[in-house]
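Next comes my_file.pdb, a file with PDB, C-alpha atoms.
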ATOM      1  CA  MET P   1       0.000   0.000   0.000
ATOM      2  CA  ALA P   2       1.206   3.537  -0.728
ATOM      3  CA  PRO P   3       2.858   5.131   2.349
ATOM      4  CA  LEU P   4       0.360   7.999   2.325
ATOM      5  CA  LEU P   5      -2.570   5.584   2.564
ATOM      6  CA  VAL P   6      -0.845   3.628   5.346
ATOM      7  CA  ALA P   7      -0.364   6.817   7.385
ATOM      8  CA  ALA P   8      -3.906   7.996   6.632
ATOM      9  CA  THR P   9      -5.321   4.838   8.188
ATOM     10  CA  GLY P  10      -3.124   5.032  11.296
ATOM     11  CA  GLY P  11      -0.568   2.457  10.182
ATOM     12  CA  THR P  12       3.231   2.659  10.153
ATOM     13  CA  PRO P  13       4.526   3.527   6.674
ATOM     14  CA  SER P  14       8.048   2.849   5.420
ATOM     15  CA  HIS P  15       8.726   6.592   5.659
ATOM     16  CA  THR P  16       6.814   9.742   6.546
ATOM     17  CA  PRO P  17       4.728  10.486   3.439
ATOM     18  CA  VAL P  18       4.679  14.020   2.064
ATOM     19  CA  TRP P  19       2.774  16.020  -0.512
ATOM     20  CA  PHE P  20       2.067  19.734  -0.760
ATOM     21  CA  MET P  21      -1.102  21.636  -1.437
ATOM     22  CA  ARG P  22      -0.726  23.529  -4.736
ATOM     23  CA  GLN P  23       2.359  21.444  -5.551
ATOM     24  CA  ALA P  24       1.057  21.335  -9.130
ATOM     25  CA  GLY P  25       0.906  24.884 -10.381
ATOM     26  CA  ARG P  26       2.483  28.271 -10.646
ATOM     27  CA  SER P  27       5.753  27.487  -8.871
ATOM     28  CA  LEU P  28       6.761  25.102 -11.682
ATOM     29  CA  PRO P  29       8.146  26.502 -14.965
ATOM     30  CA  GLU P  30       6.896  23.421 -16.817
ATOM     31  CA  TYR P  31       3.385  24.198 -15.579
ATOM     32  CA  ARG P  32       3.546  27.819 -16.735
ATOM     33  CA  ALA P  33       4.786  26.705 -20.149
ATOM     34  CA  LEU P  34       1.991  24.157 -20.527
ATOM     35  CA  ARG P  35      -0.794  26.458 -19.304
ATOM     36  CA  GLN P  36       0.205  29.416 -21.483
ATOM     37  CA  GLY P  37      -2.821  30.544 -23.470
ATOM     38  CA  THR P  38      -5.252  28.175 -21.729
ATOM     39  CA  ALA P  39      -7.808  29.496 -19.241
ATOM     40  CA  MET P  40      -7.820  27.837 -15.820
ATOM     41  CA  LEU P  41     -11.276  26.275 -16.094
ATOM     42  CA  ASP P  42     -10.552  25.058 -19.607
ATOM     43  CA  ALA P  43      -7.352  23.424 -18.349
ATOM     44  CA  CYS P  44      -9.299  21.683 -15.564
ATOM     45  CA  MET P  45     -11.539  20.012 -18.152
ATOM     46  CA  ASP P  46      -8.747  18.877 -20.498
ATOM     47  CA  PRO P  47      -7.905  15.273 -19.470
ATOM     48  CA  GLU P  48      -4.408  15.206 -21.016
ATOM     49  CA  MET P  49      -3.504  18.568 -19.488
ATOM     50  CA  VAL P  50      -4.882  17.613 -16.071
ATOM     51  CA  CYS P  51      -2.859  14.398 -16.179
ATOM     52  CA  GLU P  52       0.361  16.135 -17.153
ATOM     53  CA  ILE P  53       0.021  18.943 -14.587
ATOM     54  CA  THR P  54      -0.813  16.465 -11.810
ATOM     55  CA  MET P  55       2.247  14.378 -12.738
ATOM     56  CA  GLN P  56       4.724  17.273 -12.862
ATOM     57  CA  PRO P  57       5.427  17.568  -9.106
ATOM     58  CA  VAL P  58       5.536  13.779  -8.759
ATOM     59  CA  ARG P  59       8.330  13.605 -11.327
ATOM     60  CA  ARG P  60      10.179  16.666 -10.082
ATOM     61  CA  HIS P  61       9.848  16.371  -6.296
ATOM     62  CA  GLY P  62       9.225  12.680  -5.603
ATOM     63  CA  VAL P  63       6.180  13.369  -3.426
ATOM     64  CA  ASP P  64       4.051  10.527  -2.056
ATOM     65  CA  GLY P  65       0.711  12.008  -3.093
ATOM     66  CA  ALA P  66      -0.569  13.366  -6.398
ATOM     67  CA  ILE P  67      -3.366  15.888  -5.894
ATOM     68  CA  LEU P  68      -5.726  15.985  -8.861
ATOM     69  CA  PHE P  69      -5.242  19.283 -10.710
ATOM     70  CA  SER P  70      -8.573  21.083 -10.551
ATOM     71  CA  ASP P  71     -10.270  24.031  -8.850
ATOM     72  CA  ILE P  72     -12.923  24.156  -6.154
ATOM     73  CA  VAL P  73     -15.411  25.886  -8.487
ATOM     74  CA  VAL P  74     -15.120  23.243 -11.241
ATOM     75  CA  PRO P  75     -18.265  21.327 -10.163
ATOM     76  CA  LEU P  76     -20.291  24.558  -9.997
ATOM     77  CA  LYS P  77     -19.134  25.574 -13.469
ATOM     78  CA  ALA P  78     -19.699  22.087 -14.859
ATOM     79  CA  ALA P  79     -23.220  21.986 -13.417
ATOM     80  CA  GLY P  80     -24.079  25.237 -15.189
ATOM     81  CA  VAL P  81     -23.409  28.083 -12.726
ATOM     82  CA  ASP P  82     -22.299  31.220 -14.602
ATOM     83  CA  LEU P  83     -18.861  31.957 -13.154
ATOM     84  CA  ASP P  84     -15.280  32.467 -14.232
ATOM     85  CA  ILE P  85     -11.832  32.625 -12.653
ATOM     86  CA  VAL P  86     -10.519  36.158 -13.144
ATOM     87  CA  ALA P  87      -6.729  36.580 -13.076
ATOM     88  CA  GLY P  88      -5.634  38.458  -9.971
ATOM     89  CA  THR P  89      -9.074  38.133  -8.361
ATOM     90  CA  GLY P  90     -10.235  34.514  -8.281
ATOM     91  CA  PRO P  91     -13.667  33.001  -8.889
ATOM     92  CA  VAL P  92     -16.301  35.593  -9.848
ATOM     93  CA  VAL P  93     -20.006  34.649  -9.983
ATOM     94  CA  ALA P  94     -22.153  36.476 -12.554
ATOM     95  CA  LYS P  95     -25.353  36.361 -10.455
ATOM     96  CA  PRO P  96     -24.737  35.982  -6.720
ATOM     97  CA  VAL P  97     -27.172  33.864  -4.698
ATOM     98  CA  ARG P  98     -29.295  36.015  -2.403
ATOM     99  CA  THR P  99     -32.870  34.610  -2.467
ATOM    100  CA  LEU P 100     -34.709  31.303  -2.224
ATOM    101  CA  ASP P 101     -35.448  31.522  -5.941
ATOM    102  CA  ASP P 102     -31.682  31.808  -6.543
ATOM    103  CA  VAL P 103     -31.124  28.647  -4.512
ATOM    104  CA  ARG P 104     -33.877  26.787  -6.349
ATOM    105  CA  ALA P 105     -32.319  27.847  -9.650
ATOM    106  CA  LEU P 106     -28.978  26.244  -8.786
ATOM    107  CA  PRO P 107     -28.490  23.137 -10.935
ATOM    108  CA  GLU P 108     -27.570  19.663  -9.788
ATOM    109  CA  LEU P 109     -24.354  18.021 -10.947
ATOM    110  CA  HIS P 110     -24.405  14.817 -12.977
ATOM    111  CA  ALA P 111     -21.414  12.545 -13.504
ATOM    112  CA  GLU P 112     -21.360  13.031 -17.271
ATOM    113  CA  GLN P 113     -20.833  16.774 -16.765
ATOM    114  CA  VAL P 114     -17.421  16.069 -15.203
ATOM    115  CA  GLN P 115     -16.485  13.153 -17.447
ATOM    116  CA  PRO P 116     -13.249  14.922 -18.513
ATOM    117  CA  VAL P 117     -12.153  14.835 -14.855
ATOM    118  CA  ALA P 118     -12.871  11.103 -14.698
ATOM    119  CA  ASP P 119     -10.965  10.626 -17.954
ATOM    120  CA  ALA P 120      -7.969  12.461 -16.471
ATOM    121  CA  ILE P 121      -8.032  10.139 -13.450
ATOM    122  CA  GLY P 122      -7.973   7.149 -15.792
ATOM    123  CA  LEU P 123      -4.882   8.550 -17.503
ATOM    124  CA  LEU P 124      -3.200   9.231 -14.165
ATOM    125  CA  LEU P 125      -3.751   5.734 -12.832
ATOM    126  CA  LYS P 126      -1.783   4.422 -15.814
ATOM    127  CA  GLU P 127       1.123   6.813 -15.211
ATOM    128  CA  LEU P 128       1.463   7.119 -11.447
ATOM    129  CA  PRO P 129       3.877   4.825  -9.611
ATOM    130  CA  ARG P 130       2.039   2.367  -7.359
ATOM    131  CA  GLU P 131       3.608   3.909  -4.270
ATOM    132  CA  VAL P 132       2.109   7.346  -5.027
ATOM    133  CA  ALA P 133      -1.503   7.854  -3.920
ATOM    134  CA  LEU P 134      -3.904   9.799  -6.142
ATOM    135  CA  ILE P 135      -5.911  12.306  -4.097
ATOM    136  CA  GLY P 136      -9.197  13.698  -5.349
ATOM    137  CA  PHE P 137     -10.613  16.873  -3.931
ATOM    138  CA  ALA P 138     -13.530  19.261  -3.721
ATOM    139  CA  GLY P 139     -14.441  22.515  -2.039
ATOM    140  CA  ALA P 140     -16.564  22.207   1.084
ATOM    141  CA  PRO P 141     -20.147  23.558   1.104
ATOM    142  CA  PHE P 142     -19.360  26.620   3.248
ATOM    143  CA  THR P 143     -16.477  27.824   1.100
ATOM    144  CA  LEU P 144     -18.429  27.330  -2.129
ATOM    145  CA  ALA P 145     -21.428  29.076  -0.563
ATOM    146  CA  SER P 146     -19.282  32.064   0.362
ATOM    147  CA  TYR P 147     -18.249  32.496  -3.281
ATOM    148  CA  LEU P 148     -21.844  32.162  -4.474
ATOM    149  CA  VAL P 149     -23.225  34.624  -1.925
ATOM    150  CA  GLU P 150     -20.432  37.200  -2.068
ATOM    151  CA  GLY P 151     -20.082  36.933  -5.835
ATOM    152  CA  GLY P 152     -16.341  36.331  -5.453
ATOM    153  CA  PRO P 153     -13.562  36.276  -2.849
ATOM    154  CA  SER P 154     -14.197  38.217   0.354
ATOM    155  CA  LYS P 155     -12.033  39.264   3.294
ATOM    156  CA  ASN P 156     -14.832  39.622   5.827
ATOM    157  CA  HIS P 157     -17.604  37.379   4.420
ATOM    158  CA  GLU P 158     -20.138  39.966   5.502
ATOM    159  CA  ARG P 159     -22.886  38.967   3.056
ATOM    160  CA  THR P 160     -22.303  35.309   3.867
ATOM    161  CA  LYS P 161     -22.573  35.815   7.615
ATOM    162  CA  ALA P 162     -25.533  38.152   7.198
ATOM    163  CA  LEU P 163     -27.430  35.494   5.235
ATOM    164  CA  MET P 164     -26.378  32.771   7.674
ATOM    165  CA  HIS P 165     -27.725  34.620  10.716
ATOM    166  CA  GLY P 166     -30.438  36.698   9.053
ATOM    167  CA  ASN P 167     -32.136  33.892   7.131
ATOM    168  CA  PRO P 168     -31.039  30.502   8.501
ATOM    169  CA  GLU P 169     -33.705  28.626   6.517
ATOM    170  CA  LEU P 170     -32.378  30.023   3.246
ATOM    171  CA  TRP P 171     -28.806  29.366   4.356
ATOM    172  CA  HIS P 172     -29.420  25.696   5.087
ATOM    173  CA  ALA P 173     -31.283  25.276   1.802
ATOM    174  CA  LEU P 174     -28.276  26.736  -0.034
ATOM    175  CA  LEU P 175     -25.738  24.524   1.733
ATOM    176  CA  ALA P 176     -27.865  21.433   1.229
ATOM    177  CA  LYS P 177     -27.901  22.142  -2.514
ATOM    178  CA  ILE P 178     -24.145  22.680  -2.601
ATOM    179  CA  ALA P 179     -23.491  19.565  -0.512
ATOM    180  CA  GLY P 180     -25.268  17.563  -3.189
ATOM    181  CA  ILE P 181     -23.061  19.065  -5.911
ATOM    182  CA  THR P 182     -19.879  18.471  -3.885
ATOM    183  CA  ALA P 183     -20.789  14.869  -3.084
ATOM    184  CA  ALA P 184     -21.584  14.182  -6.731
ATOM    185  CA  PHE P 185     -18.218  15.597  -7.796
ATOM    186  CA  LEU P 186     -16.315  13.488  -5.271
ATOM    187  CA  HIS P 187     -18.225  10.341  -6.199
ATOM    188  CA  ALA P 188     -17.396  10.870  -9.869
ATOM    189  CA  GLN P 189     -13.727  10.962  -8.842
ATOM    190  CA  LEU P 190     -14.113   7.893  -6.631
ATOM    191  CA  ALA P 191     -15.774   5.938  -9.422
ATOM    192  CA  ALA P 192     -12.824   6.842 -11.654
ATOM    193  CA  GLY P 193     -10.318   5.519  -9.110
ATOM    194  CA  VAL P 194      -8.925   8.173  -6.728
ATOM    195  CA  GLN P 195      -7.447   6.597  -3.599
ATOM    196  CA  ALA P 196      -8.132   9.376  -1.076
ATOM    197  CA  VAL P 197     -10.072  12.631  -1.057
ATOM    198  CA  GLN P 198      -9.506  16.029   0.509
ATOM    199  CA  LEU P 199     -12.379  18.369   1.318
ATOM    200  CA  PHE P 200     -11.129  21.974   1.351
ATOM    201  CA  ASP P 201     -13.024  24.395   3.582
ATOM    202  CA  SER P 202     -10.700  27.267   2.791
ATOM    203  CA  TRP P 203     -12.736  29.999   4.511
ATOM    204  CA  ALA P 204     -14.160  28.099   7.513
ATOM    205  CA  GLY P 205     -11.607  29.807   9.758
ATOM    206  CA  ALA P 206     -13.723  32.967   9.492
ATOM    207  CA  LEU P 207     -16.315  31.328  11.748
ATOM    208  CA  SER P 208     -16.650  30.745  15.486
ATOM    209  CA  GLU P 209     -16.916  27.140  16.608
ATOM    210  CA  ARG P 210     -20.549  27.705  17.589
ATOM    211  CA  ASP P 211     -21.435  29.036  14.149
ATOM    212  CA  TYR P 212     -19.469  26.266  12.455
ATOM    213  CA  ARG P 213     -21.316  23.572  14.370
ATOM    214  CA  GLU P 214     -24.741  25.091  13.681
ATOM    215  CA  PHE P 215     -24.396  26.313  10.108
ATOM    216  CA  VAL P 216     -21.633  24.262   8.478
ATOM    217  CA  LEU P 217     -20.863  20.940  10.162
ATOM    218  CA  PRO P 218     -24.146  19.174   9.187
ATOM    219  CA  HIS P 219     -23.534  19.882   5.503
ATOM    220  CA  SER P 220     -19.870  18.886   5.474
ATOM    221  CA  ARG P 221     -20.879  15.723   7.312
ATOM    222  CA  ARG P 222     -23.486  15.009   4.642
ATOM    223  CA  VAL P 223     -20.696  15.057   2.048
ATOM    224  CA  LEU P 224     -18.095  13.087   3.993
ATOM    225  CA  GLU P 225     -20.400  10.412   5.378
ATOM    226  CA  THR P 226     -21.199   9.273   1.827
ATOM    227  CA  ILE P 227     -17.519   8.355   1.334
ATOM    228  CA  THR P 228     -16.703   5.032   2.964
ATOM    229  CA  THR P 229     -14.082   3.372   0.770
ATOM    230  CA  VAL P 230     -11.062   5.745   0.898
ATOM    231  CA  PRO P 231      -9.416   7.992   3.512
ATOM    232  CA  ARG P 232     -11.068  11.391   3.930
ATOM    233  CA  ILE P 233      -8.869  14.427   4.609
ATOM    234  CA  HIS P 234     -10.528  17.628   5.836
ATOM    235  CA  PHE P 235      -8.620  20.916   5.732
ATOM    236  CA  GLY P 236      -9.293  24.578   6.407
ATOM    237  CA  VAL P 237      -7.222  27.712   6.912
ATOM    238  CA  GLY P 238      -7.122  29.317  10.366
ATOM    239  CA  THR P 239      -9.198  26.492  11.829
ATOM    240  CA  GLY P 240      -7.231  25.695  14.996
ATOM    241  CA  GLU P 241     -10.352  26.309  17.095
ATOM    242  CA  LEU P 242     -12.482  24.184  14.775
ATOM    243  CA  LEU P 243     -10.338  21.046  14.465
ATOM    244  CA  PRO P 244     -12.436  18.764  16.717
ATOM    245  CA  ALA P 245     -15.640  19.863  14.978
ATOM    246  CA  MET P 246     -14.076  19.356  11.537
ATOM    247  CA  ARG P 247     -13.078  15.845  12.582
ATOM    248  CA  GLU P 248     -16.630  15.164  13.758
ATOM    249  CA  ALA P 249     -17.815  16.068  10.266
ATOM    250  CA  GLY P 250     -16.274  12.785   9.129
ATOM    251  CA  ALA P 251     -12.547  13.283   8.663
ATOM    252  CA  ASP P 252     -10.139  10.362   8.888
ATOM    253  CA  VAL P 253      -7.242  12.824   8.571
ATOM    254  CA  VAL P 254      -7.400  16.376   9.922
ATOM    255  CA  GLY P 255      -5.407  18.983   8.018
ATOM    256  CA  VAL P 256      -3.693  21.532  10.278
ATOM    257  CA  ASP P 257      -2.394  24.916   9.172
ATOM    258  CA  TRP P 258       0.826  26.465  10.524
ATOM    259  CA  ARG P 259      -0.841  28.500  13.296
ATOM    260  CA  ILE P 260      -0.982  25.601  15.763
ATOM    261  CA  PRO P 261       1.699  22.967  16.517
ATOM    262  CA  LEU P 262       0.789  19.445  15.450
ATOM    263  CA  ASP P 263       1.153  17.977  18.933
ATOM    264  CA  VAL P 264      -1.186  20.649  20.326
ATOM    265  CA  ALA P 265      -3.666  19.878  17.540
ATOM    266  CA  VAL P 266      -3.470  16.164  18.356
ATOM    267  CA  GLU P 267      -4.109  16.829  22.040
ATOM    268  CA  ARG P 268      -7.137  18.986  21.206
ATOM    269  CA  LEU P 269      -8.518  16.261  18.968
ATOM    270  CA  ARG P 270      -7.965  13.552  21.588
ATOM    271  CA  ARG P 271      -9.460  15.574  24.423
ATOM    272  CA  ALA P 272     -12.532  16.627  22.457
ATOM    273  CA  ASN P 273     -13.308  13.177  21.049
ATOM    274  CA  PRO P 274     -11.921  10.511  23.421
ATOM    275  CA  ASP P 275     -14.220   7.839  21.977
ATOM    276  CA  LEU P 276     -12.898   8.222  18.431
ATOM    277  CA  PRO P 277      -9.778   6.404  17.172
ATOM    278  CA  GLN P 278      -6.441   8.097  17.799
ATOM    279  CA  PRO P 279      -6.195  11.100  15.444
ATOM    280  CA  VAL P 280      -4.257  11.234  12.178
ATOM    281  CA  VAL P 281      -3.050  14.668  11.098
ATOM    282  CA  GLN P 282      -1.654  16.365   8.015
ATOM    283  CA  GLY P 283       0.601  19.437   7.938
ATOM    284  CA  ASN P 284       1.914  21.902   8.695
ATOM    285  CA  LEU P 285       5.009  23.816   7.473
ATOM    286  CA  ASP P 286       4.408  27.512   6.833
ATOM    287  CA  PRO P 287       4.752  27.899   3.028
ATOM    288  CA  ALA P 288       6.453  31.274   3.520
ATOM    289  CA  LEU P 289       9.432  29.501   5.096
ATOM    290  CA  PHE P 290      10.503  28.230   1.679
ATOM    291  CA  PHE P 291      11.808  31.787   1.195
ATOM    292  CA  ALA P 292      13.917  31.699   4.389
ATOM    293  CA  GLY P 293      16.653  29.395   3.087
ATOM    294  CA  PHE P 294      17.095  25.671   3.524
ATOM    295  CA  GLU P 295      18.679  25.893   6.981
ATOM    296  CA  ALA P 296      15.499  27.461   8.359
ATOM    297  CA  VAL P 297      13.344  24.970   6.467
ATOM    298  CA  GLU P 298      15.311  22.021   7.824
ATOM    299  CA  ARG P 299      14.976  23.274  11.390
ATOM    300  CA  GLU P 300      11.205  23.632  11.046
ATOM    301  CA  VAL P 301      10.775  20.318   9.202
ATOM    302  CA  ARG P 302      12.578  18.459  11.993
ATOM    303  CA  ARG P 303      10.407  20.163  14.627
ATOM    304  CA  ILE P 304       7.156  19.372  12.774
ATOM    305  CA  HIS P 305       8.259  15.806  12.101
ATOM    306  CA  ALA P 306       8.887  15.309  15.822
ATOM    307  CA  GLU P 307       5.556  16.891  16.784
ATOM    308  CA  GLY P 308       3.757  14.669  14.294
ATOM    309  CA  LYS P 309       4.795  11.601  16.254
ATOM    310  CA  ALA P 310       2.089  12.508  18.791
ATOM    311  CA  ALA P 311      -0.518  11.366  16.255
ATOM    312  CA  ALA P 312      -1.486   7.867  15.183
ATOM    313  CA  GLY P 313      -0.372   8.873  11.713
ATOM    314  CA  HIS P 314       1.230  11.935  10.121
ATOM    315  CA  ILE P 315       1.180  13.046   6.494
ATOM    316  CA  PHE P 316       3.691  15.860   6.047
ATOM    317  CA  ASN P 317       2.352  18.880   4.178
ATOM    318  CA  LEU P 318       2.283  22.651   4.271
ATOM    319  CA  GLY P 319      -0.103  24.681   6.387
ATOM    320  CA  HIS P 320      -1.580  25.976   3.124
ATOM    321  CA  GLY P 321      -0.542  25.964  -0.534
ATOM    322  CA  VAL P 322       2.829  26.428  -2.238
ATOM    323  CA  LEU P 323       3.276  30.136  -2.997
ATOM    324  CA  PRO P 324       3.722  31.081  -6.671
ATOM    325  CA  ASP P 325       7.292  32.414  -6.431
ATOM    326  CA  THR P 326       8.660  29.431  -4.496
ATOM    327  CA  ASP P 327      11.908  27.969  -5.854
ATOM    328  CA  PRO P 328      11.086  24.387  -6.922
ATOM    329  CA  GLU P 329      14.569  23.245  -5.876
ATOM    330  CA  ILE P 330      13.904  23.923  -2.194
ATOM    331  CA  ILE P 331      10.690  21.901  -2.410
ATOM    332  CA  THR P 332      12.603  18.939  -3.832
ATOM    333  CA  ARG P 333      15.243  19.213  -1.089
ATOM    334  CA  THR P 334      12.508  19.352   1.544
ATOM    335  CA  VAL P 335      10.933  16.141   0.261
ATOM    336  CA  GLU P 336      14.334  14.426   0.357
ATOM    337  CA  LEU P 337      14.842  15.617   3.945
ATOM    338  CA  ILE P 338      11.440  14.375   5.101
ATOM    339  CA  HIS P 339      12.044  10.976   3.516
ATOM    340  CA  SER P 340      15.390  10.737   5.297
ATOM    341  CA  LEU P 341      13.994  11.300   8.800
TER     342      LEU P 341
END
How does the structure come out when it is put into structure tokens?
Amino acid sequence: MAPLLVAATGGTPSHTPVWFMRQAGRSLPEYRALRQGTAMLDACMDPEMVCEITMQPVRRHGVDGAILFSDIVVPLKAAGVDLDIVAGTGPVVAKPVRTLDDVRALPELHAEQVQPVADAIGLLLKELPREVALIGFAGAPFTLASYLVEGGPSKNHERTKALMHGNPELWHALLAKIAGITAAFLHAQLAAGVQAVQLFDSWAGALSERDYREFVLPHSRRVLETITTVPRIHFGVGTGELLPAMREAGADVVGVDWRIPLDVAVERLRRANPDLPQPVVQGNLDPALFFAGFEAVEREVRRIHAEGKAAAGHIFNLGHGVLPDTDPEIITRTVELIHSL
């Protein structure tokens, strides 16, 4: 079994497995060359391009996990939501969701609408070494809802929180609709052969634990509880206070960002849920440290590796994604270091 899958299930792998969020993308010159002239959402629906981009960091860095090249808004776009990814801004929705009629108008997602993604997975399974796990992914209902309600990225999520508290019935109807789209997208990937999945709740850290439990957790659980055959990784940014609740949503592996030490995260998870199996964690090097020189990176990697031993299993990763100007060479050296520990 691939080391990443062994760690994800609480076993003892041959070495600490490592992969990095956004490992496939702007930090790689081969990616920039391939993507030139192709819009992001078009690239995500081109099976050959998805396969090649997903493979690039595996070849270059020797990571233990290949994260399917895609974007969290792909299932919304594929289902028929009018949106685009604007350079320098991010996803922009043509008609934000503000009313019950808007929610009712949201389409469902059918497997054939994301067939190119399934085709890309088929290509990847032929190319990936057996020891490298293929990870599928999707955006969590809250994060997708925030884009739909705000109309694009937001620093304060004011419209999202206003809808959540001002019209809870409408809010839950919206998240239920999105949960269906997210689950359908993940199941299309599972049917095609991914070996693990990661649910990204990028903006959940904007919420209090009380709000998360009331307005978000039931919908993330609805997505994750439908997945029973592969490890489920759940990750959010700035979610140190939410980790036990995110695990309760159905995570086998809890992603931890750099703001909280792994051993502290493990203790929080154990204390909050003593009846659950011993926690497995993923993380959590600060991606900015790749700019500090390898000596600083090595010091932090050794610390994180030691802290990860508090968990039943540890998948080494960053606390968020690789930054665009990162030198690929330092990423490769970091992977070699982690494998040597």
Original post:
Which neighbours of P:Gly236 fall inside 10 Å, counting all atoms listed in the file, when residues of the same chain fewer than 3 positions from it are skipped, and could you give them as a ChimeraX atom specification?
Top reply: /P:140,143,199-206,239-240,242-243,246,254-257,319-320
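Considering all atoms listed in the file, the residue among P:Arg32, P:Arg159, P:Arg302, P:His234 positioned nearest to P:Tyr147 is P:Arg159.
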Original post:
Mind telling me what the PyMOL selection byres ((chain P and resi 152) around 9) catches here, as a PyMOL selection string?
Top reply: chain P and resi 89-93+96+146-151+153-154
**OP:** Find the spatial neighbours of P:Ala33, counting all atoms listed in the file, within a cut-off of 12 Å - ignore same-chain residues fewer than 6 positions away - and output them as a PyMOL selection string.
**Re:** chain P and resi 25-27+49+52-53+56
Need the shell around P:Thr332: protein/DNA/RNA residues with any atom at most 8 Å away, counting all atoms listed in the file. Skip same-chain ones fewer than 6 positions apart. Format as a short mmCIF file (atom, residue, chain, number, x, y, z; two decimals) with C-alpha atoms, in the frame of the given file?
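This is the output file out_31.cif:
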data_model
loop_
_atom_site.label_atom_id
_atom_site.label_comp_id
_atom_site.auth_asym_id
_atom_site.auth_seq_id
_atom_site.Cartn_x
_atom_site.Cartn_y
_atom_site.Cartn_z
CA ARG P 60 10.18 16.67 -10.08
CA HIS P 61 9.85 16.37 -6.30
CA GLY P 62 9.22 12.68 -5.60
#
Original post:
Closest to P:Glu158 among P:Val322, P:Leu207, P:Gly65, P:Leu337, using all atoms listed in the file?
Top reply: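 Closest residue, counting all atoms listed in the file: P:Leu207.
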Original post:
What does the distance from atom CA of P:Leu262 to atom CA of P:Gly308 come to in Å, to one decimal?
Top reply: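 Here the two named atoms are 5.7 Å from each other.
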